[in-house]
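Raw data_31.csv, CSV, N, CA and C atoms:
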chain,number,residue,atom,x,y,z
Z,1,MET,N,363.9,172.7,75.4
Z,1,MET,CA,364.3,172.1,74.2
Z,1,MET,C,363.5,172.8,73.1
Z,2,GLN,N,364.3,173.3,72.1
Z,2,GLN,CA,363.7,174.0,70.9
Z,2,GLN,C,363.2,172.9,69.9
Z,3,LEU,N,361.9,173.1,69.5
Z,3,LEU,CA,361.3,172.3,68.5
Z,3,LEU,C,361.7,172.7,67.1
Z,4,SER,N,361.9,171.7,66.2
Z,4,SER,CA,362.0,172.1,64.8
Z,4,SER,C,360.6,172.4,64.3
Z,5,VAL,N,360.5,173.1,63.2
Z,5,VAL,CA,359.2,173.5,62.6
Z,5,VAL,C,358.3,172.2,62.3
Z,6,THR,N,358.9,171.2,61.7
Z,6,THR,CA,358.1,170.0,61.4
Z,6,THR,C,357.7,169.3,62.7
Z,7,ASP,N,358.6,169.2,63.7
Z,7,ASP,CA,358.2,168.6,64.9
Z,7,ASP,C,357.1,169.3,65.6
Z,8,ALA,N,357.1,170.7,65.5
Z,8,ALA,CA,356.0,171.5,66.1
Z,8,ALA,C,354.7,171.2,65.4
Z,9,LEU,N,354.7,171.0,64.1
Z,9,LEU,CA,353.5,170.7,63.4
Z,9,LEU,C,353.0,169.3,63.7
Z,10,VAL,N,353.9,168.3,63.9
Z,10,VAL,CA,353.5,167.0,64.3
Z,10,VAL,C,352.9,167.1,65.7
Z,11,HIS,N,353.5,167.9,66.6
Z,11,HIS,CA,353.0,168.0,68.0
Z,11,HIS,C,351.5,168.5,67.9
Z,12,ILE,N,351.2,169.4,67.1
Z,12,ILE,CA,349.9,169.9,67.0
Z,12,ILE,C,348.9,168.8,66.5
Z,13,MET,N,349.3,168.0,65.6
Z,13,MET,CA,348.5,166.9,65.2
Z,13,MET,C,348.2,165.9,66.3
Z,14,VAL,N,349.3,165.6,67.0
Z,14,VAL,CA,349.2,164.7,68.2
Z,14,VAL,C,348.2,165.2,69.2
Z,15,MET,N,348.4,166.5,69.5
Z,15,MET,CA,347.5,167.1,70.5
Z,15,MET,C,346.0,167.1,70.1
Z,16,ALA,N,345.8,167.3,68.8
Z,16,ALA,CA,344.4,167.2,68.3
Z,16,ALA,C,343.9,165.7,68.4
Z,17,ALA,N,344.7,164.8,68.1
Z,17,ALA,CA,344.3,163.4,68.2
Z,17,ALA,C,344.1,162.9,69.6
Z,18,VAL,N,344.9,163.3,70.5
Z,18,VAL,CA,344.7,162.7,71.9
Z,18,VAL,C,343.8,163.6,72.7
Z,19,SER,N,343.3,164.6,72.2
Z,19,SER,CA,342.4,165.5,73.0
Z,19,SER,C,341.2,164.8,73.5
Z,20,ASP,N,340.7,163.8,72.8
Z,20,ASP,CA,339.5,163.1,73.3
Z,20,ASP,C,339.9,161.7,73.8
Z,21,LYS,N,341.2,161.5,74.1
Z,21,LYS,CA,341.8,160.3,74.7
Z,21,LYS,C,341.7,159.1,73.9
Z,22,ASP,N,341.2,159.2,72.7
Z,22,ASP,CA,341.0,158.0,71.8
Z,22,ASP,C,341.5,158.3,70.4
Z,23,VAL,N,342.7,157.8,70.1
Z,23,VAL,CA,343.3,158.0,68.8
Z,23,VAL,C,342.8,156.9,67.9
Z,24,THR,N,342.0,157.3,66.9
Z,24,THR,CA,341.3,156.3,66.0
Z,24,THR,C,342.3,155.9,64.9
Z,25,ASP,N,341.9,154.8,64.2
Z,25,ASP,CA,342.7,154.4,63.0
Z,25,ASP,C,342.6,155.4,61.9
Z,26,HIS,N,341.4,156.1,61.8
Z,26,HIS,CA,341.3,157.1,60.8
Z,26,HIS,C,342.2,158.3,61.1
Z,27,GLU,N,342.4,158.6,62.4
Z,27,GLU,CA,343.3,159.7,62.7
Z,27,GLU,C,344.8,159.3,62.4
Z,28,MET,N,345.1,158.1,62.7
Z,28,MET,CA,346.5,157.6,62.4
Z,28,MET,C,346.7,157.6,60.9
Z,29,ASP,N,345.7,157.1,60.1
Z,29,ASP,CA,345.8,157.1,58.7
Z,29,ASP,C,346.0,158.5,58.1
Z,30,ARG,N,345.3,159.5,58.8
Z,30,ARG,CA,345.4,160.9,58.3
Z,30,ARG,C,346.7,161.5,58.6
Z,31,PHE,N,347.3,161.1,59.8
Z,31,PHE,CA,348.7,161.5,60.1
Z,31,PHE,C,349.6,161.2,58.9
Z,32,ALA,N,349.6,159.9,58.6
Z,32,ALA,CA,350.5,159.4,57.5
Z,32,ALA,C,350.2,160.1,56.2
Z,33,ALA,N,348.9,160.3,55.9
Z,33,ALA,CA,348.6,161.0,54.6
Z,33,ALA,C,349.1,162.4,54.6
Z,34,LEU,N,348.9,163.1,55.7
Z,34,LEU,CA,349.3,164.5,55.7
Z,34,LEU,C,350.8,164.7,55.6
Z,35,ILE,N,351.5,163.8,56.4
Z,35,ILE,CA,352.9,163.9,56.4
Z,35,ILE,C,353.5,163.5,55.0
Z,36,SER,N,352.9,162.6,54.3
Z,36,SER,CA,353.4,162.1,53.0
Z,36,SER,C,353.0,163.1,51.9
Z,37,ARG,N,352.0,163.9,52.1
Z,37,ARG,CA,351.5,164.7,51.0
Z,37,ARG,C,351.8,166.2,51.1
Z,38,TRP,N,351.8,166.7,52.3
Z,38,TRP,CA,352.0,168.2,52.5
Z,38,TRP,C,353.4,168.6,52.4
Z,39,PRO,N,353.7,169.6,51.5
Z,39,PRO,CA,355.1,170.0,51.2
Z,39,PRO,C,356.0,170.3,52.4
Z,40,MET,N,355.4,170.8,53.5
Z,40,MET,CA,356.2,171.2,54.6
Z,40,MET,C,356.9,170.0,55.3
Z,41,PHE,N,356.4,168.8,55.0
Z,41,PHE,CA,356.9,167.6,55.7
Z,41,PHE,C,357.9,166.9,54.8
Z,42,GLU,N,358.4,167.5,53.7
Z,42,GLU,CA,359.4,166.9,52.8
Z,42,GLU,C,360.6,166.4,53.5
Z,43,SER,N,361.0,167.1,54.6
Z,43,SER,CA,362.3,166.7,55.3
Z,43,SER,C,362.0,165.9,56.5
Z,44,PHE,N,360.7,165.6,56.8
Z,44,PHE,CA,360.4,164.8,58.0
Z,44,PHE,C,360.4,163.3,57.6
Z,45,ALA,N,361.1,162.5,58.3
Z,45,ALA,CA,361.1,161.1,58.1
Z,45,ALA,C,360.0,160.5,58.9
Z,46,ILE,N,359.0,159.8,58.2
Z,46,ILE,CA,357.8,159.2,58.8
Z,46,ILE,C,358.2,158.3,59.9
Z,47,SER,N,359.4,157.7,59.8
Z,47,SER,CA,359.8,156.7,60.9
Z,47,SER,C,360.0,157.4,62.2
Z,48,ARG,N,360.2,158.8,62.2
Z,48,ARG,CA,360.3,159.5,63.5
Z,48,ARG,C,359.0,159.8,64.1
Z,49,LEU,N,357.9,159.5,63.5
Z,49,LEU,CA,356.6,159.8,64.0
Z,49,LEU,C,356.4,159.3,65.5
Z,50,PRO,N,356.6,158.0,65.7
Z,50,PRO,CA,356.4,157.6,67.1
Z,50,PRO,C,357.3,158.3,68.2
Z,51,GLU,N,358.5,158.6,67.8
Z,51,GLU,CA,359.4,159.3,68.7
Z,51,GLU,C,358.9,160.7,69.0
Z,52,VAL,N,358.5,161.5,67.9
Z,52,VAL,CA,358.0,162.8,68.1
Z,52,VAL,C,356.7,162.8,68.8
Z,53,ALA,N,355.8,161.9,68.5
Z,53,ALA,CA,354.5,161.8,69.3
Z,53,ALA,C,354.8,161.5,70.8
Z,54,SER,N,355.7,160.6,71.1
Z,54,SER,CA,356.0,160.4,72.5
Z,54,SER,C,356.6,161.6,73.2
Z,55,ALA,N,357.4,162.3,72.5
Z,55,ALA,CA,358.0,163.6,73.0
Z,55,ALA,C,356.9,164.6,73.3
Z,56,CYS,N,355.9,164.7,72.4
Z,56,CYS,CA,354.8,165.6,72.6
Z,56,CYS,C,354.0,165.2,73.9
Z,57,VAL,N,353.7,164.0,74.1
Z,57,VAL,CA,352.9,163.5,75.2
Z,57,VAL,C,353.7,163.7,76.5
Z,58,GLU,N,355.0,163.4,76.4
Z,58,GLU,CA,355.9,163.6,77.6
Z,58,GLU,C,356.0,165.1,78.0
Z,59,THR,N,356.1,166.0,77.0
Z,59,THR,CA,356.1,167.4,77.3
Z,59,THR,C,354.8,167.9,77.9
Z,60,VAL,N,353.7,167.4,77.4
Z,60,VAL,CA,352.4,167.8,78.0
Z,60,VAL,C,352.4,167.3,79.5
Z,61,ASN,N,352.8,166.1,79.7
Z,61,ASN,CA,352.8,165.6,81.1
Z,61,ASN,C,353.7,166.3,82.0
Z,62,LYS,N,354.9,166.7,81.5
Z,62,LYS,CA,355.8,167.4,82.4
Z,62,LYS,C,355.5,168.9,82.6
Z,63,ALA,N,355.3,169.6,81.5
Z,63,ALA,CA,355.2,171.1,81.5
Z,63,ALA,C,353.8,171.6,81.4
Z,64,GLY,N,352.9,170.8,80.8
Z,64,GLY,CA,351.5,171.2,80.7
Z,64,GLY,C,351.2,171.6,79.2
Z,65,LEU,N,350.0,171.6,78.9
Z,65,LEU,CA,349.5,171.9,77.6
Z,65,LEU,C,349.8,173.4,77.2
Z,66,ASP,N,349.5,174.3,78.1
Z,66,ASP,CA,349.8,175.7,77.8
Z,66,ASP,C,351.2,176.0,77.5
Z,67,ALA,N,352.1,175.4,78.2
Z,67,ALA,CA,353.6,175.5,78.0
Z,67,ALA,C,353.9,175.0,76.6
Z,68,LEU,N,353.4,173.8,76.2
Z,68,LEU,CA,353.7,173.3,74.9
Z,68,LEU,C,353.1,174.2,73.8
Z,69,LEU,N,351.9,174.6,74.0
Z,69,LEU,CA,351.3,175.5,73.0
Z,69,LEU,C,352.1,176.8,72.8
Z,70,GLY,N,352.6,177.3,73.9
Z,70,GLY,CA,353.5,178.5,73.9
Z,70,GLY,C,354.8,178.2,73.1
Z,71,GLN,N,355.4,177.1,73.4
Z,71,GLN,CA,356.6,176.7,72.7
Z,71,GLN,C,356.4,176.5,71.2
Z,72,ILE,N,355.2,175.9,70.8
Z,72,ILE,CA,354.9,175.7,69.4
Z,72,ILE,C,354.7,177.1,68.8
Z,73,ALA,N,353.9,178.0,69.4
Z,73,ALA,CA,353.7,179.3,68.9
Z,73,ALA,C,354.9,180.1,68.7
Z,74,ASP,N,355.9,179.9,69.6
Z,74,ASP,CA,357.2,180.6,69.4
Z,74,ASP,C,358.0,180.0,68.3
Z,75,THR,N,357.8,178.8,68.0
Z,75,THR,CA,358.6,178.1,66.9
Z,75,THR,C,358.0,178.5,65.5
Z,76,LEU,N,356.7,178.6,65.4
Z,76,LEU,CA,356.1,178.8,64.1
Z,76,LEU,C,355.8,180.3,63.8
Z,77,GLU,N,356.2,180.7,62.6
Z,77,GLU,CA,355.9,182.0,62.2
Z,77,GLU,C,354.4,182.1,61.9
Z,78,PRO,N,353.7,183.3,61.9
Z,78,PRO,CA,352.3,183.4,61.8
Z,78,PRO,C,351.7,182.5,60.6
Z,79,ARG,N,352.3,182.5,59.4
Z,79,ARG,CA,351.7,181.8,58.3
Z,79,ARG,C,351.7,180.3,58.6
Z,80,LEU,N,352.7,179.8,59.4
Z,80,LEU,CA,352.8,178.4,59.7
Z,80,LEU,C,351.9,178.1,60.9
Z,81,GLN,N,351.5,179.1,61.7
Z,81,GLN,CA,350.5,178.9,62.7
Z,81,GLN,C,349.2,178.6,62.1
Z,82,GLU,N,348.9,179.2,61.0
Z,82,GLU,CA,347.6,178.9,60.2
Z,82,GLU,C,347.7,177.5,59.7
Z,83,THR,N,348.8,177.1,59.2
Z,83,THR,CA,349.0,175.7,58.7
Z,83,THR,C,348.8,174.7,59.9
Z,84,ALA,N,349.4,175.0,61.0
Z,84,ALA,CA,349.3,174.2,62.2
Z,84,ALA,C,347.8,174.0,62.6
Z,85,TYR,N,347.1,175.1,62.6
Z,85,TYR,CA,345.7,175.1,63.0
Z,85,TYR,C,344.9,174.2,61.9
Z,86,ALA,N,345.2,174.4,60.7
Z,86,ALA,CA,344.6,173.5,59.6
Z,86,ALA,C,344.9,172.0,59.9
Z,87,LEU,N,346.1,171.7,60.2
Z,87,LEU,CA,346.5,170.3,60.6
Z,87,LEU,C,345.6,169.8,61.7
Z,88,ALA,N,345.5,170.6,62.8
Z,88,ALA,CA,344.7,170.2,64.0
Z,88,ALA,C,343.3,170.0,63.6
Z,89,VAL,N,342.7,170.9,62.8
Z,89,VAL,CA,341.3,170.7,62.3
Z,89,VAL,C,341.2,169.4,61.5
Z,90,GLU,N,342.1,169.2,60.6
Z,90,GLU,CA,342.1,168.0,59.8
Z,90,GLU,C,342.0,166.7,60.6
Z,91,ILE,N,342.9,166.7,61.7
Z,91,ILE,CA,342.9,165.5,62.5
Z,91,ILE,C,341.6,165.4,63.4
Z,92,ALA,N,341.2,166.5,63.9
Z,92,ALA,CA,340.0,166.5,64.8
Z,92,ALA,C,338.7,166.1,64.0
Z,93,THR,N,338.6,166.5,62.7
Z,93,THR,CA,337.4,166.3,62.0
Z,93,THR,C,337.4,165.0,61.2
Z,94,VAL,N,338.4,164.3,61.2
Z,94,VAL,CA,338.5,163.1,60.3
Z,94,VAL,C,337.5,162.0,60.7
Z,95,ASP,N,337.0,162.0,61.9
Z,95,ASP,CA,336.0,161.0,62.3
Z,95,ASP,C,334.6,161.6,62.1
Z,96,LEU,N,334.5,162.8,61.6
Z,96,LEU,CA,333.2,163.4,61.2
Z,96,LEU,C,332.4,164.0,62.4
Z,97,THR,N,332.9,163.9,63.6
Z,97,THR,CA,332.3,164.4,64.8
Z,97,THR,C,333.3,165.1,65.6
Z,98,LEU,N,332.9,166.2,66.3
Z,98,LEU,CA,333.8,166.9,67.2
Z,98,LEU,C,333.1,166.9,68.6
Z,99,ASN,N,333.8,166.2,69.6
Z,99,ASN,CA,333.3,166.2,70.9
Z,99,ASN,C,333.8,167.5,71.7
Z,100,GLN,N,333.3,167.6,72.9
Z,100,GLN,CA,333.7,168.8,73.7
Z,100,GLN,C,335.2,169.0,73.9
Z,101,GLU,N,335.9,167.8,74.1
Z,101,GLU,CA,337.4,167.9,74.3
Z,101,GLU,C,338.1,168.4,73.1
Z,102,GLU,N,337.6,167.9,71.9
Z,102,GLU,CA,338.3,168.3,70.6
Z,102,GLU,C,338.0,169.8,70.4
Z,103,LEU,N,336.8,170.2,70.6
Z,103,LEU,CA,336.4,171.6,70.4
Z,103,LEU,C,337.3,172.5,71.3
Z,104,ARG,N,337.4,172.1,72.6
Z,104,ARG,CA,338.2,172.8,73.5
Z,104,ARG,C,339.7,172.9,73.1
Z,105,MET,N,340.2,171.8,72.6
Z,105,MET,CA,341.6,171.8,72.1
Z,105,MET,C,341.8,172.7,71.0
Z,106,LEU,N,340.9,172.7,70.0
Z,106,LEU,CA,340.9,173.6,68.9
Z,106,LEU,C,340.9,175.1,69.4
Z,107,GLU,N,340.0,175.3,70.4
Z,107,GLU,CA,339.9,176.7,70.9
Z,107,GLU,C,341.3,177.1,71.6
Z,108,MET,N,341.9,176.2,72.3
Z,108,MET,CA,343.2,176.5,72.9
Z,108,MET,C,344.3,176.8,71.9
Z,109,ILE,N,344.3,176.0,70.8
Z,109,ILE,CA,345.3,176.2,69.8
Z,109,ILE,C,345.0,177.6,69.1
Z,110,ARG,N,343.8,177.8,68.8
Z,110,ARG,CA,343.4,179.1,68.2
Z,110,ARG,C,343.8,180.3,69.0
Z,111,ASP,N,343.6,180.2,70.3
Z,111,ASP,CA,344.0,181.2,71.3
Z,111,ASP,C,345.5,181.4,71.4
Z,112,ALA,N,346.2,180.3,71.3
Z,112,ALA,CA,347.7,180.4,71.4
Z,112,ALA,C,348.4,181.0,70.2
Z,113,PHE,N,347.7,181.0,69.0
Z,113,PHE,CA,348.3,181.4,67.8
Z,113,PHE,C,347.7,182.8,67.4
Z,114,SER,N,348.4,183.5,66.5
Z,114,SER,CA,348.0,184.8,66.0
Z,114,SER,C,347.1,184.6,64.8
Z,115,ILE,N,346.0,184.0,64.9
Z,115,ILE,CA,345.1,183.7,63.8
Z,115,ILE,C,343.8,184.4,64.0
Z,116,ASP,N,343.4,185.2,63.0
Z,116,ASP,CA,342.1,185.9,63.2
Z,116,ASP,C,340.9,185.0,63.0
Z,117,ARG,N,339.8,185.3,63.6
Z,117,ARG,CA,338.6,184.5,63.6
Z,117,ARG,C,338.1,184.1,62.2
Z,118,LEU,N,338.2,185.1,61.3
Z,118,LEU,CA,337.7,184.8,59.9
Z,118,LEU,C,338.5,183.7,59.3
Z,119,THR,N,339.8,183.7,59.5
Z,119,THR,CA,340.7,182.7,59.0
Z,119,THR,C,340.4,181.3,59.6
Z,120,THR,N,340.2,181.3,60.9
Z,120,THR,CA,339.9,180.0,61.5
Z,120,THR,C,338.6,179.4,61.0
Z,121,ALA,N,337.6,180.3,60.8
Z,121,ALA,CA,336.3,179.9,60.3
Z,121,ALA,C,336.4,179.3,58.9
Z,122,ALA,N,337.3,179.9,58.1
Z,122,ALA,CA,337.5,179.4,56.7
Z,122,ALA,C,338.2,178.0,56.8
Z,123,ILE,N,339.2,177.9,57.6
Z,123,ILE,CA,339.8,176.6,57.8
Z,123,ILE,C,338.9,175.5,58.2
Z,124,GLU,N,338.0,175.8,59.2
Z,124,GLU,CA,337.1,174.9,59.7
Z,124,GLU,C,336.0,174.5,58.7
Z,125,THR,N,335.5,175.5,58.0
Z,125,THR,CA,334.6,175.2,56.9
Z,125,THR,C,335.2,174.3,55.8
Z,126,SER,N,336.4,174.6,55.4
Z,126,SER,CA,337.1,173.9,54.4
Z,126,SER,C,337.2,172.4,54.8
Z,127,ALA,N,337.6,172.2,56.1
Z,127,ALA,CA,337.7,170.8,56.5
Z,127,ALA,C,336.4,170.0,56.5
Z,128,ARG,N,335.3,170.7,57.0
Z,128,ARG,CA,334.0,170.1,56.9
Z,128,ARG,C,333.6,169.7,55.5
Z,129,ILE,N,333.9,170.6,54.6
Z,129,ILE,CA,333.6,170.3,53.2
Z,129,ILE,C,334.4,169.1,52.7
Z,130,ARG,N,335.7,169.1,53.0
Z,130,ARG,CA,336.5,168.0,52.5
Z,130,ARG,C,336.1,166.6,53.1
Z,131,HIS,N,335.6,166.6,54.3
Z,131,HIS,CA,335.2,165.3,54.9
Z,131,HIS,C,333.8,164.9,54.7
Z,132,ARG,N,333.0,165.7,54.0
Z,132,ARG,CA,331.6,165.4,53.7
Z,132,ARG,C,331.5,164.1,53.0
Z,133,ARG,N,330.5,163.3,53.3
Z,133,ARG,CA,330.2,162.1,52.6
Z,133,ARG,C,328.8,162.2,51.9
Z,134,LEU,N,328.6,161.4,50.9
Z,134,LEU,CA,327.3,161.3,50.3
Z,134,LEU,C,326.4,160.5,51.2
Z,135,LYS,N,325.1,160.9,51.1
Z,135,LYS,CA,324.1,160.1,51.8
Z,135,LYS,C,323.9,158.8,51.1
Z,136,SER,N,323.5,157.7,51.7
Z,136,SER,CA,323.4,156.4,51.1
Z,136,SER,C,322.3,156.6,49.9
Z,137,GLY,N,322.6,156.0,48.8
Z,137,GLY,CA,321.7,156.0,47.7
Z,137,GLY,C,322.1,157.1,46.7
Z,138,GLN,N,323.1,157.9,47.0
Z,138,GLN,CA,323.4,159.0,46.0
Z,138,GLN,C,324.6,158.6,45.2

In structure tokens, what does this structure look like?
Amino acid sequence: MQLSVTDALVHIMVMAAVSDKDVTDHEMDRFAALISRWPMFESFAISRLPEVASACVETVNKAGLDALLGQIADTLEPRLQETAYALAVEIATVDLTLNQEELRMLEMIRDAFSIDRLTTAAIETSARIRHRRLKSGQ
């Protein structure tokens, strides 16, 4: 089954969210925010999110993570692979901590895409900066 570009991007977000087996409310809120604000999702109906997320999980269960990552990489041109990695980082960092499973998922996504290390470092740093909070009393 060929993925649309927007479905491939949603699949990446789902993979980042479920990598630690615990999809938090913050992650779900971030899904909705990203889909409603990022221009590449203009044609994506938010009502399709549960259907696309289920398809992602089903594909991972049937074909495996590597196969799905390969399909997503084939669907997305290089500049959109950078966008997909940025989406994955946004979802993974929303709870302000990255566990080993999330780090491994980001590594797998990075390896599947044609993104240089300097670009991924910039994306990761940007996400950390966006999610930073003030210390109490500031």

Atom C of His131 of chain Z to atom N of Glu77 of chain Z, straight-line distance in Å: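 If I compute the distance from atom N of Glu77 of chain Z to atom C of His131 of chain Z, I get 28.5 Å.
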
DSSP helix (DSSP H, G or I) residues within chain Z, listed as an MDAnalysis selection string: chainID Z and resid 5:18 25:37 39:41 46:63 65:75 78:93 100:112 117:131

8 Å contact set for Gly70 of chain Z, all atoms listed in the file, chain neighbours under 6 positions out, as a ChimeraX atom specification: /Z:64,76,112-113

Among the residues Z:Leu118, Z:Leu87, Z:Leu96, Z:Asp111, the one that comes closest to Arg132 of chain Z [using all atoms listed in the file]: Z:Leu96

Counting all atoms listed in the file, the option among Z:Leu9, Z:Ser136, Z:Val60, Z:Val23 closest to Thr83 of chain Z: Z:Leu9

Segment 47-53 of chain Z surroundings by only N, CA and C atoms, 7 Å radius, close-in-sequence under 3 positions cut, as a ChimeraX atom specification: /Z:7,10-11,14,44,56-58

Residue with smallest distance to Asp20 of chain Z - pool Z:Ile46, Z:Ala32, Z:Ile91, Z:Leu3, counting only C-alpha atoms: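 Checking each candidate against Asp20 of chain Z, we get Z:Ile91 as the closest.
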
Atomic separation - atom CA of Ile123 of chain Z relative to atom N of Met108 of chain Z, Å: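 If I compute the distance from atom N of Met108 of chain Z to atom CA of Ile123 of chain Z, I get 14.7 Å.
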
Shortest interatomic distance to Tyr85 of chain Z - which of Z:Val5, Z:Leu134, Z:Phe31, Z:Ile109, counting all atoms listed in the file: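 Smallest distance to Tyr85 of chain Z is found for Z:Ile109.
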
Residue nearest Ala16 of chain Z - candidates Z:Glu102, Z:Ala86, Z:Ala73, Z:Phe41, atoms counted: only N, CA and C atoms: Z:Glu102

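With only C-alpha atoms as the atoms that count, the residue of Z:Thr120, Z:Ala127, Z:His26, Z:Ile12 with the shortest distance to Leu65 of chain Z is Z:Ile12.
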
Separation of atom CA of Thr93 of chain Z from atom CA of Ala17 of chain Z, in Å and rounded to one decimal: 9.7 Å
